[in-house]
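J.: After the structure tokens below, expect a handful of questions from me.
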Amino acid sequence: MTRPLGETEFEETTIERLKRLGYDYLHAQELFQRGERDSLHEVVLYGRLEAFLKKAYPTIPEQEIKRLAQILTAPDGVKLINRNMHFHQMLTKGLEFSYEVNDETYTPHVFPIDWEHPENNDFLVVNQLPIEGRMSRRPDIVIYINGLPLIVFELKNPNNEQATVYDAYTQIQNYTYDISQLFNYNAFVVISDNVETKHGMPFADYDFFASWKSIDGRSVDNNRANTMRTLIEGLFPKDRLLNYIRNFIVFLEEGSKITKIGAKYHQFFGVNFAVNEAIRATRPDGDRKIGVMYHTTGSGKSLSMLFFAGILSRHPEMENPSIVIQVDRNDLDEQLHDTFVQGKSYIGHVHHAENTEQLRTLLRGEAGQIIFSTIEKFRKKEGETRHPVLSERRNIVVIADEAHRTQAGFAGGFAAQLRYALPNASYIGFTGTPVDFVDNNTEEIFGHIIHRYDMAQAVEDKATLPIYYESRLIPLDLSAGDIDEKYRKIIEEAGGDDEESESYKRKWAALEKVVGTPKRLRRLAKDIVSHFNQVANPFQKAMIVCMSRRIAVDLYNYLREIPECPPVEVIMTGDVSKDPKEWREVQPGSKYAHIKSKKEQEEVKAKLRDPEDPLKFVIVVDMWLTGMDAKPLSYLYVDKPMRGHNLMQAIARVNRVFPGKEGGVVVDYIGIATSLKEATHKYTQSGGTGSPTYDISEAVNIFMD
């Protein structure tokens with residue numbers, strides 16, 4: 001009879017898996033016996049670090065090697081996250097080390113790891129390492145690279161139902177206080193009870209830990225019995241681990257707040273595939289079509305673009321490329337731009353082309369720049385028959401965000417002008433929407449789909465949350481007998497090319513009148529407040545989607561009449577020639593007008609993202625339905641006809657992971673159920689699987705089960 005797999009056996013099995021990948025192994029006791037460790041407080045194996053540095057930099061004198069090792073292992077920073085960030089910079093970017101020999105100064109650029117040649121590094125697995133800090137602790141497994149303790153495993157007994165993966169997470173959190181010196185150097189941690197295995201950053205909430213579900217990046221293994229095997233075989237081959245540590249960890253800085261983020265498996269594989277395609281496409285004989293990255297909305301597309309741009313900008317074959325990040329909407333532009341600016345320690349300086357002239361100047365300038373621009377800035381000036389050539393270099397990569405919306409118009413449109421301006425550039429499209437939601441052939445423009453990560457898999461992985469649908473229809477105030485047929489036609493045309501036609505605008509205006517009657521909006525306001533106050537927890541927020549700016553303002557006023565209504569703000573565009581002046585006046589119950597400046601919009605966005613802030617509702621018409629990420633957003637109240645990718649983008653506002661949030665809820669007041677089913681069908685026909693939304697009754701069934 002085989003012995004059940006306990007914690008010790010689980011640890012041994014994990015070590016065996018790593019040994020099969022070529023890692024050396026020592027029990028912690030052996031480090032003392034071999035003289036590799038003198039003190040329980042010390043977590044760096046200095047003998048191994050110095051041995052690597054001597055071999056890698058033989059011209060540096062031995063006494064200077066010891067000083068170099070001390071510099072590399074003494075990161076600056078009052079807080080642990082600051083020290084960890086400073087160490088990561090030295091680890092991945094190296095440092096200038098000055099020393100003198102015979103009155104001559106030398107300043108080589110040194111790295112504590114040979115990133116290009118994994119076989120030149122010392123990979124060591126140590127288990128049961130006793131460490132003295134504020135308390136005495138003993139992590140299960142520590143992986144050393146060249147004597148630096150970069151990865152910590154905390155394992156729980158698979159046969160003890162009380163010992164869960166969350167307990168392993170809690171233990172790691174306590175380690176960061178009790179033996180904080182270990183986490184000066186930590187790249188990431190692994191927690192497991194052999195049923196669930198997750199990797200993540202020691203400073204992150206548990207909800208942001210993730211499973212690694214692929215070994216080759218093409219096939220996905222959702223079998224929980226394989227979680228540790230898939231992680232080790234998929235991430236811990238030596239070359240992959242070095243690639244991950246060097247290229248797929250970023251520190252986002254927002255003011256004094258620092259957030260450390262590591263890629264999930266779909267980002268790691270997708271970006272690596274995209275980099276390979278970029279190298280191919282930009283060669284002299286390349287076709288300039290890198291391909292399409294289809295990663296569902298909410299699964300970290302902005303970070304994937306950051307990793308892709310960062311790796312490409314440093315890749316020797318790209319010879320210091322220029323990277324143009326091109327978007328079609330200002331709100332998306334700012335969301336993505338903010339991510340790149342916050343990741344400055346990873347990506348360097350980012351240029352934001354404010355106008356056409358500045359864009360032209362930047363693109364005519366030196367290589368090696370990262371430039372943000374909206375597609376419409378590639379416009380012709382008066383008197384130009386076509387856009388002038390700005391650069392003929394072939395190491396220019398254009399990243400198109402939400403690719404399908406921006407690249408039509410080859411018969412002289414903005415996309416054509418972009419190609420006139422940069423005739424030898426290569427193009428990659430990133431999209432969170434199935435590419436055949438629209439008519440133009442995205443694959444024909446950009447090339448094949450490089451990597452696909454659909455909404456169903458994202459929900460399965462808990463990279464995004466499931467979205468539940470609830471119908472709370474409020475009838476329209478109408479008398480016309482054929483209104484149902486008119487309404488159906490408007491729904492069919494929503495989000496299509498016909499939206500710009502006069503006929504469509506007339507129908508929309510007619511529908512707006514019956515949707516926005518005082519009687520109906522009062523009922524809508526009462527129902528939203530009643531529903532939200534019953535179901536939302538103290539940290540959750542909601543977005544209300546209206547048909548028009550007038551309805552948004554009227555609904556705001558009716559909401560303000562309800563005593564138990566939480567704080568609410570309107571976010572909408574302004575039209576100087578049409579706005580009533582009171583829309584630009586500070587509103588009762590707010591410090592803002594309805595028409596807000598850019599700065600005021602950012603302030604409201606910050607309030608929406610802050611779970612502690614009393615603001616609970618934002619009312620929108622078109623703004624913030626794409627590209628705006630607020631993790632506490634949990635409820636989307638829809639009172640506007642939507643369909644297709646516009647609808648899918650809108651509902652994705654509530655699918656972001658947030659501690660304690662089980663899923664997003666779409667509450668339908670106007671009848672989007674059919675459009676949602678059609679969009680889901682289109683989605684699953686596009687190579688996706690499963691359903692991105694579930695009827696609220698399914699949640700009840702799950703609860704009953």
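Labeling convention for the structure tokens: chains A, B, ... as they appear, residues from 1 per chain, ligands from 1 in order of appearance.
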I'd like the neighbourhood of Lys260 (chain A) as a list of chain:residue names, where a residue qualifies if any of its atoms comes within 7 Å (using only C-alpha atoms), though same-chain residues fewer than 5 positions away should be ignored.
T.: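 The filter keeps A:Met201, A:Val250, A:Phe251, A:Leu252.
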J.: Which region 231-278 of chain A residues have any atom within 12 Å of an atom of region 171-194 of chain A, and for each, what is the nearest pair of atoms with distance in Å to one decimal, counting only C-alpha atoms, rows sorted by chain and number, as JSON lines?
T.:
{"residue": "A:Leu231", "atom": "CA", "partner": "A:Val190", "partner_atom": "CA", "distance": 9.3}
{"residue": "A:Ile232", "atom": "CA", "partner": "A:Val190", "partner_atom": "CA", "distance": 10.3}
{"residue": "A:Leu235", "atom": "CA", "partner": "A:Val190", "partner_atom": "CA", "distance": 11.4}
{"residue": "A:Phe236", "atom": "CA", "partner": "A:Val190", "partner_atom": "CA", "distance": 11.5}
{"residue": "A:Leu241", "atom": "CA", "partner": "A:Ala187", "partner_atom": "CA", "distance": 10.4}
{"residue": "A:Leu242", "atom": "CA", "partner": "A:Ala187", "partner_atom": "CA", "distance": 10.5}
{"residue": "A:Tyr244", "atom": "CA", "partner": "A:Ala187", "partner_atom": "CA", "distance": 9.5}
{"residue": "A:Ile245", "atom": "CA", "partner": "A:Ala187", "partner_atom": "CA", "distance": 6.6}
{"residue": "A:Arg246", "atom": "CA", "partner": "A:Ala187", "partner_atom": "CA", "distance": 9.5}
{"residue": "A:Asn247", "atom": "CA", "partner": "A:Ala187", "partner_atom": "CA", "distance": 11.6}
{"residue": "A:Phe248", "atom": "CA", "partner": "A:Ala187", "partner_atom": "CA", "distance": 10.4}
{"residue": "A:Ile249", "atom": "CA", "partner": "A:Ala187", "partner_atom": "CA", "distance": 8.0}
{"residue": "A:Val250", "atom": "CA", "partner": "A:Ala187", "partner_atom": "CA", "distance": 10.5}
{"residue": "A:Phe251", "atom": "CA", "partner": "A:Ala187", "partner_atom": "CA", "distance": 11.4}
{"residue": "A:Lys260", "atom": "CA", "partner": "A:Phe188", "partner_atom": "CA", "distance": 9.7}
{"residue": "A:Ile261", "atom": "CA", "partner": "A:Phe188", "partner_atom": "CA", "distance": 9.4}
{"residue": "A:Gly262", "atom": "CA", "partner": "A:Phe188", "partner_atom": "CA", "distance": 7.9}
{"residue": "A:Ala263", "atom": "CA", "partner": "A:Phe188", "partner_atom": "CA", "distance": 10.7}
{"residue": "A:Lys264", "atom": "CA", "partner": "A:Phe188", "partner_atom": "CA", "distance": 12.0}
J.: Have a look at CA of Ala650 (chain A) and CA of Leu625 (chain A) and let me know their distance in Å, one decimal.
T.: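 The value is 4.9 Å.
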J.: From a DSSP pass on the backbone, collect the residues of region 346-589 of chain A flagged as alpha helix (DSSP H) and hand them back as a ChimeraX atom specification.
T.: /A:346-347,356-364,414-421,442-446,455-461,483-493,502-515,518-535,549-560
J.: Compare A:His337, A:Arg17, A:Lys507, A:Lys381 by their minimum atom-to-atom distance to Met228 (chain A), counting only C-alpha atoms, and give me the closest one.
T.: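 Closest to Met228 (chain A) of all the choices is A:Arg17.
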J.: Counting only C-alpha atoms, figure out which residue out of A:Ser39, A:Asn159, A:Ser634, A:Thr339 gets nearest to Tyr468 (chain A).
T.: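 Using only C-alpha atoms, Tyr468 (chain A) sits closest to A:Ser634.
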J.: Nearest to Thr14 (chain A) among A:Thr105, A:Thr259, A:Thr197, A:Gln162, with distances taken over only C-alpha atoms: which residue is it?
T.: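 Of all the options, A:Thr197 lies closest to Thr14 (chain A).
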J.: In Å, rounded to a single decimal, give me how far CA of Glu366 (chain A) is from CA of Asn320 (chain A).
T.: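 Computed distance, CA of Asn320 (chain A) to CA of Glu366 (chain A), equals 9.7 Å.
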J.: Please return, as an MDAnalysis selection string, all residues of region 311-391 of chain A that DSSP assigns to strand (DSSP E or B) on the basis of the backbone.
T.: chainID A and resid 322:327 351:352 370:374
J.: If we count only C-alpha atoms, what is near Glu319 (chain A) at a cut-off of 9 Å, once residues fewer than 2 positions away on the same chain are taken out, given as a PyMOL selection string?
T.: chain A and resi 313-317+321+367-368+395
